[in-house]
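K.L.:
This structure is in structure tokens; I'll ask about it shortly.
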Amino acid sequence: MKGVVLAGGTATRLYPLTLVTNKHLLPIYDRPMIYYPLETLAGMGIREVLVIVGGKSVGDIVELLADGTHFGLDLTYRYQRGALGIAHAIGLARDFVGDDGFCCVLGDNILRGPALADVAQRFEDGHWGAGTLLYRVPDPERFGVAELDAEGNVVGFEEKPAHPKSNLIPIGVYFLRPDAFDVIEHLAPSGRGEFEITDVLNHYVPDRRLYTSVYEGHWTDAGTVPSLLRAAALAERDANAGELAAPPQRPQDRRATDRLGSRGAEVAMAEVSD
């Protein structure tokens with residue numbers, strides 16, 4: 001399975017924080033936001049990842065992440081021209097994905113909980129054409145919302161409804177197979193002028209080829225100022241509990257640290273001599 005991270009968009013809900021930078025470079029506790037979705041994919045055992053970039057600071061994202069070796073990943077980049085929706089951005093991954101199944105994680109999604117290797121494997125081994133994680137939220141009207149039948153099965157998704165039919169939303173972790181690109185090609189833009197991921201998921205509902213699983217860890221997006229603060233609080237809680245590993249160091253950072261360490265030792269020896 002391959003991975004895709006979406007790191008474009010204009011992030012108008014975070015203005016003025018994003019006037020001069022991409023929101024995925026904003027800090028969440030002790031590391032840039034984009035580190036979290038990459039760690040989510042790495043926790044699934046995925047190694048090849050495409051990062052979809054766009055908007056401001058594209059070069060800064062590439063400089064930050066480099067080739068991904070410090071995450072244990074092999075990173076590739078693709079540019080999205082304009083904010084045309086999640087489904088449109090996923091469509092740009094067609095050549096990268098080839099014949100493989102893949103998992104797409106939105107770049108502003110912070111998941112703190114068990115690794116998702118088992119979830120990814122269930123999708124990979126199953127008959128499903130698409131899948132997503134569901135999560136219970138107090139404000140579902142901000143998201144795509146799952147509609148359930150009397151037995152609790154998902155019968156559809158509605159994008160940002162004024163009157164949500166449940167409090168379960170598909171969070172930004174989507175499992176797909178290559179035939180999803182044909183579905184995306186035939187989508188019409190929504191009233192918002194975007195190609196919606198909920199329309200892709202809805203395609204697989206009638207023949208029961210949509211995989212869903214309720215995520216039992218802690219999740220938040222970081223697309224608004226309140227959710228940005230909530231994400232930092234989640235990370236801080238895990239750090240205090242010893243459950244947040246140190247940020248991975250890029251190779252050049254490690255070399256700089258080694259040089260500083262050597263210089264520090266020299267200074268210490270000089271002080272002892274004095």
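By convention in this document, the chains of the structure tokens carry letters A, B, ... by their order, each chain's residues are numbered from 1, and ligands are numbered from 1 in the order they are shown.
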I'd like a table as CSV: residues in segment 73-97 of chain A with an atom no more than 6 Å from segment 47-50 of chain A, each row giving the shortest atom pair and its distance in Å to one decimal, only C-alpha atoms counted, sorted by chain and rising residue number.
P.N.:
residue,atom,partner,partner_atom,distance
A:Leu73,CA,A:Arg47,CA,4.7
A:Asp74,CA,A:Glu48,CA,4.9
A:Leu75,CA,A:Val49,CA,5.0
A:Thr76,CA,A:Leu50,CA,4.7
A:Tyr77,CA,A:Leu50,CA,5.5
K.L.:
Near Glu147 of chain A, within 8 Å and counting only C-alpha atoms, which residues show up once chain neighbours fewer than 2 positions away are dropped, as a list of chain:residue names?
P.N.:
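The contact residues come out as A:Val145, A:Asp149, A:Val154, A:Val155, A:Gly156, A:Phe157, A:Glu158, A:Lys165, A:Ser166.
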K.L.:
At a cut-off of 10 Å, using only C-alpha atoms, what residues contact segment 185-190 of chain A? Leave out same-chain residues fewer than 4 positions from it and give the result as a ChimeraX atom specification.
P.N.:
/A:84-85,87-88,91,159,180-181,194-197,199-200
K.L.:
Keeping only all heavy atoms, write the selected residues to a file as a CSV table (one decimal), in the first residue's frame.
P.N.:
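Below you can see again38.csv, which holds the result:
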chain,number,residue,atom,x,y,z
A,84,LEU,N,-9.2,22.9,-5.3
A,84,LEU,CA,-10.4,22.4,-6.0
A,84,LEU,C,-11.0,21.2,-5.2
A,84,LEU,O,-11.8,20.4,-5.8
A,84,LEU,CB,-10.0,21.9,-7.4
A,84,LEU,CG,-9.5,23.1,-8.3
A,84,LEU,CD1,-9.0,22.5,-9.6
A,84,LEU,CD2,-10.7,24.1,-8.5
A,85,GLY,N,-10.6,21.0,-4.0
A,85,GLY,CA,-11.2,19.9,-3.2
A,85,GLY,C,-10.3,18.7,-3.0
A,85,GLY,O,-9.3,18.5,-3.7
A,87,ALA,N,-11.0,15.5,-3.3
A,87,ALA,CA,-11.1,14.5,-4.4
A,87,ALA,C,-10.2,14.9,-5.6
A,87,ALA,O,-9.5,14.0,-6.2
A,87,ALA,CB,-12.5,14.3,-4.8
A,88,HIS,N,-10.2,16.1,-5.9
A,88,HIS,CA,-9.4,16.6,-7.0
A,88,HIS,C,-7.9,16.4,-6.7
A,88,HIS,O,-7.1,15.9,-7.5
A,88,HIS,CB,-9.6,18.1,-7.3
A,88,HIS,CG,-8.7,18.7,-8.3
A,88,HIS,ND1,-7.5,19.3,-8.0
A,88,HIS,CD2,-8.7,18.7,-9.7
A,88,HIS,CE1,-6.9,19.7,-9.1
A,88,HIS,NE2,-7.6,19.3,-10.1
A,91,GLY,N,-6.9,12.9,-7.0
A,91,GLY,CA,-6.8,12.5,-8.5
A,91,GLY,C,-5.4,12.7,-9.0
A,91,GLY,O,-5.0,12.0,-10.0
A,159,GLU,N,-22.1,16.5,2.9
A,159,GLU,CA,-21.0,17.4,3.1
A,159,GLU,C,-21.5,18.6,3.9
A,159,GLU,O,-22.4,19.4,3.4
A,159,GLU,CB,-20.4,17.8,1.8
A,159,GLU,CG,-19.1,18.6,2.0
A,159,GLU,CD,-18.0,17.9,2.6
A,159,GLU,OE1,-17.9,16.6,2.5
A,159,GLU,OE2,-17.2,18.5,3.3
A,180,ALA,N,-10.8,4.2,-7.9
A,180,ALA,CA,-11.3,5.5,-7.4
A,180,ALA,C,-11.0,6.6,-8.3
A,180,ALA,O,-11.8,7.6,-8.4
A,180,ALA,CB,-10.8,5.8,-6.0
A,181,PHE,N,-9.9,6.5,-9.1
A,181,PHE,CA,-9.6,7.6,-10.0
A,181,PHE,C,-10.6,7.8,-11.1
A,181,PHE,O,-10.9,8.9,-11.6
A,181,PHE,CB,-8.2,7.4,-10.6
A,181,PHE,CG,-7.1,7.4,-9.5
A,181,PHE,CD1,-6.4,6.3,-9.2
A,181,PHE,CD2,-6.8,8.6,-8.8
A,181,PHE,CE1,-5.4,6.3,-8.3
A,181,PHE,CE2,-5.9,8.6,-7.8
A,181,PHE,CZ,-5.1,7.5,-7.6
A,194,GLU,N,-16.1,22.6,-5.4
A,194,GLU,CA,-15.0,21.7,-5.1
A,194,GLU,C,-15.5,20.3,-5.4
A,194,GLU,O,-16.7,20.0,-5.4
A,194,GLU,CB,-14.6,21.8,-3.7
A,194,GLU,CG,-14.0,23.1,-3.3
A,194,GLU,CD,-13.3,23.1,-1.9
A,194,GLU,OE1,-13.4,22.1,-1.2
A,194,GLU,OE2,-12.8,24.2,-1.5
A,195,PHE,N,-14.5,19.4,-5.7
A,195,PHE,CA,-14.8,18.0,-5.9
A,195,PHE,C,-14.6,17.3,-4.5
A,195,PHE,O,-13.6,17.2,-3.9
A,195,PHE,CB,-13.8,17.4,-6.9
A,195,PHE,CG,-14.0,18.0,-8.3
A,195,PHE,CD1,-13.3,19.1,-8.6
A,195,PHE,CD2,-14.9,17.5,-9.2
A,195,PHE,CE1,-13.4,19.7,-9.9
A,195,PHE,CE2,-15.1,18.1,-10.4
A,195,PHE,CZ,-14.3,19.2,-10.8
A,196,GLU,N,-15.8,16.8,-4.0
A,196,GLU,CA,-15.9,16.3,-2.6
A,196,GLU,C,-15.5,14.9,-2.4
A,196,GLU,O,-15.9,14.0,-3.2
A,196,GLU,CB,-17.3,16.6,-2.1
A,196,GLU,CG,-17.8,18.0,-2.3
A,196,GLU,CD,-17.2,19.0,-1.4
A,196,GLU,OE1,-16.3,18.6,-0.6
A,196,GLU,OE2,-17.5,20.2,-1.5
A,197,ILE,N,-14.7,14.6,-1.4
A,197,ILE,CA,-14.4,13.2,-1.1
A,197,ILE,C,-15.6,12.4,-0.6
A,197,ILE,O,-15.7,11.2,-0.9
A,197,ILE,CB,-13.3,13.2,0.0
A,197,ILE,CG1,-12.8,11.7,0.3
A,197,ILE,CG2,-13.8,13.8,1.3
A,197,ILE,CD1,-12.2,11.0,-0.9
A,199,ASP,N,-18.5,12.5,-2.0
A,199,ASP,CA,-19.1,11.9,-3.2
A,199,ASP,C,-18.4,10.7,-3.7
A,199,ASP,O,-19.0,9.7,-4.2
A,199,ASP,CB,-19.1,13.0,-4.4
A,199,ASP,CG,-20.0,14.1,-4.1
A,199,ASP,OD1,-21.0,13.9,-3.3
A,199,ASP,OD2,-19.8,15.2,-4.7
A,200,VAL,N,-17.1,10.6,-3.5
A,200,VAL,CA,-16.3,9.4,-3.8
A,200,VAL,C,-16.7,8.2,-2.9
A,200,VAL,O,-17.0,7.1,-3.3
A,200,VAL,CB,-14.8,9.6,-3.7
A,200,VAL,CG1,-14.0,8.3,-4.0
A,200,VAL,CG2,-14.4,10.7,-4.6
K.L.:
Compile the contact shell of Ala222 of chain A as number ranges by chain: residues with an atom at most 7 Å away, counting only C-alpha atoms, same-chain residues fewer than 2 positions apart removed.
P.N.:
A: 108-109, 220, 224, 227-228, 231
K.L.:
How about saving the chosen residues, C-alpha atoms kept, as a compact mmCIF listing (two decimals), in the first residue's frame?
P.N.:
# COMPACT_ATOMS: atom_id res chain seq x y z
CA ASP A 108 -4.10 18.89 9.04
CA ASN A 109 -5.31 15.71 10.73
CA THR A 220 -8.77 16.55 15.74
CA THR A 224 -9.31 26.45 12.79
CA SER A 227 -8.81 23.03 16.73
CA LEU A 228 -5.18 24.11 16.35
CA ALA A 231 -4.29 19.55 18.61
K.L.:
Name the residues of segment 65-204 of chain A that fall into strand (DSSP E) according to DSSP on the backbone, using the chain letters and numbers of this document, as a PyMOL selection string.
P.N.:
chain A and resi 74-79+102-106+109-112+130-136+144-148+154-159+168-176
K.L.:
Could you dump the residues just selected with C-alpha atoms as a tab-separated table (two decimals), in the first residue's frame?
P.N.:
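out_15.tsv, freshly written:
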chain	number	residue	atom	x	y	z
A	74	ASP	CA	10.42	7.66	0.47
A	75	LEU	CA	8.74	10.97	-0.42
A	76	THR	CA	7.61	12.26	-3.80
A	77	TYR	CA	5.93	15.62	-4.46
A	78	ARG	CA	3.14	16.82	-6.79
A	79	TYR	CA	1.76	20.35	-7.17
A	102	PHE	CA	-3.35	3.53	-1.06
A	103	CYS	CA	-4.18	5.55	2.02
A	104	CYS	CA	-4.68	9.31	1.87
A	105	VAL	CA	-4.30	11.36	5.06
A	106	LEU	CA	-5.21	15.04	5.17
A	109	ASN	CA	-5.31	15.71	10.73
A	110	ILE	CA	-3.82	14.85	14.13
A	111	LEU	CA	-4.39	11.26	15.29
A	112	ARG	CA	-3.13	10.26	18.71
A	130	ALA	CA	-12.91	2.48	-0.43
A	131	GLY	CA	-12.78	3.04	3.30
A	132	THR	CA	-12.59	5.70	5.96
A	133	LEU	CA	-12.29	6.09	9.71
A	134	LEU	CA	-15.29	7.51	11.56
A	135	TYR	CA	-15.13	9.66	14.68
A	136	ARG	CA	-17.74	11.18	17.02
A	144	GLY	CA	-18.96	15.51	6.01
A	145	VAL	CA	-21.45	13.57	8.15
A	146	ALA	CA	-22.32	9.86	8.06
A	147	GLU	CA	-25.97	8.84	7.76
A	148	LEU	CA	-26.71	5.46	9.37
A	154	VAL	CA	-23.43	3.79	6.75
A	155	VAL	CA	-25.91	4.56	3.97
A	156	GLY	CA	-24.37	7.83	2.81
A	157	PHE	CA	-22.42	10.97	3.60
A	158	GLU	CA	-23.58	14.57	3.44
A	159	GLU	CA	-21.04	17.39	3.14
A	168	LEU	CA	-20.16	10.54	13.19
A	169	ILE	CA	-17.88	12.06	10.59
A	170	PRO	CA	-15.36	10.53	8.20
A	171	ILE	CA	-12.05	11.91	9.42
A	172	GLY	CA	-9.25	12.62	7.01
A	173	VAL	CA	-7.95	9.06	6.59
A	174	TYR	CA	-9.19	7.48	3.35
A	175	PHE	CA	-8.39	4.03	1.99
A	176	LEU	CA	-8.82	3.68	-1.77
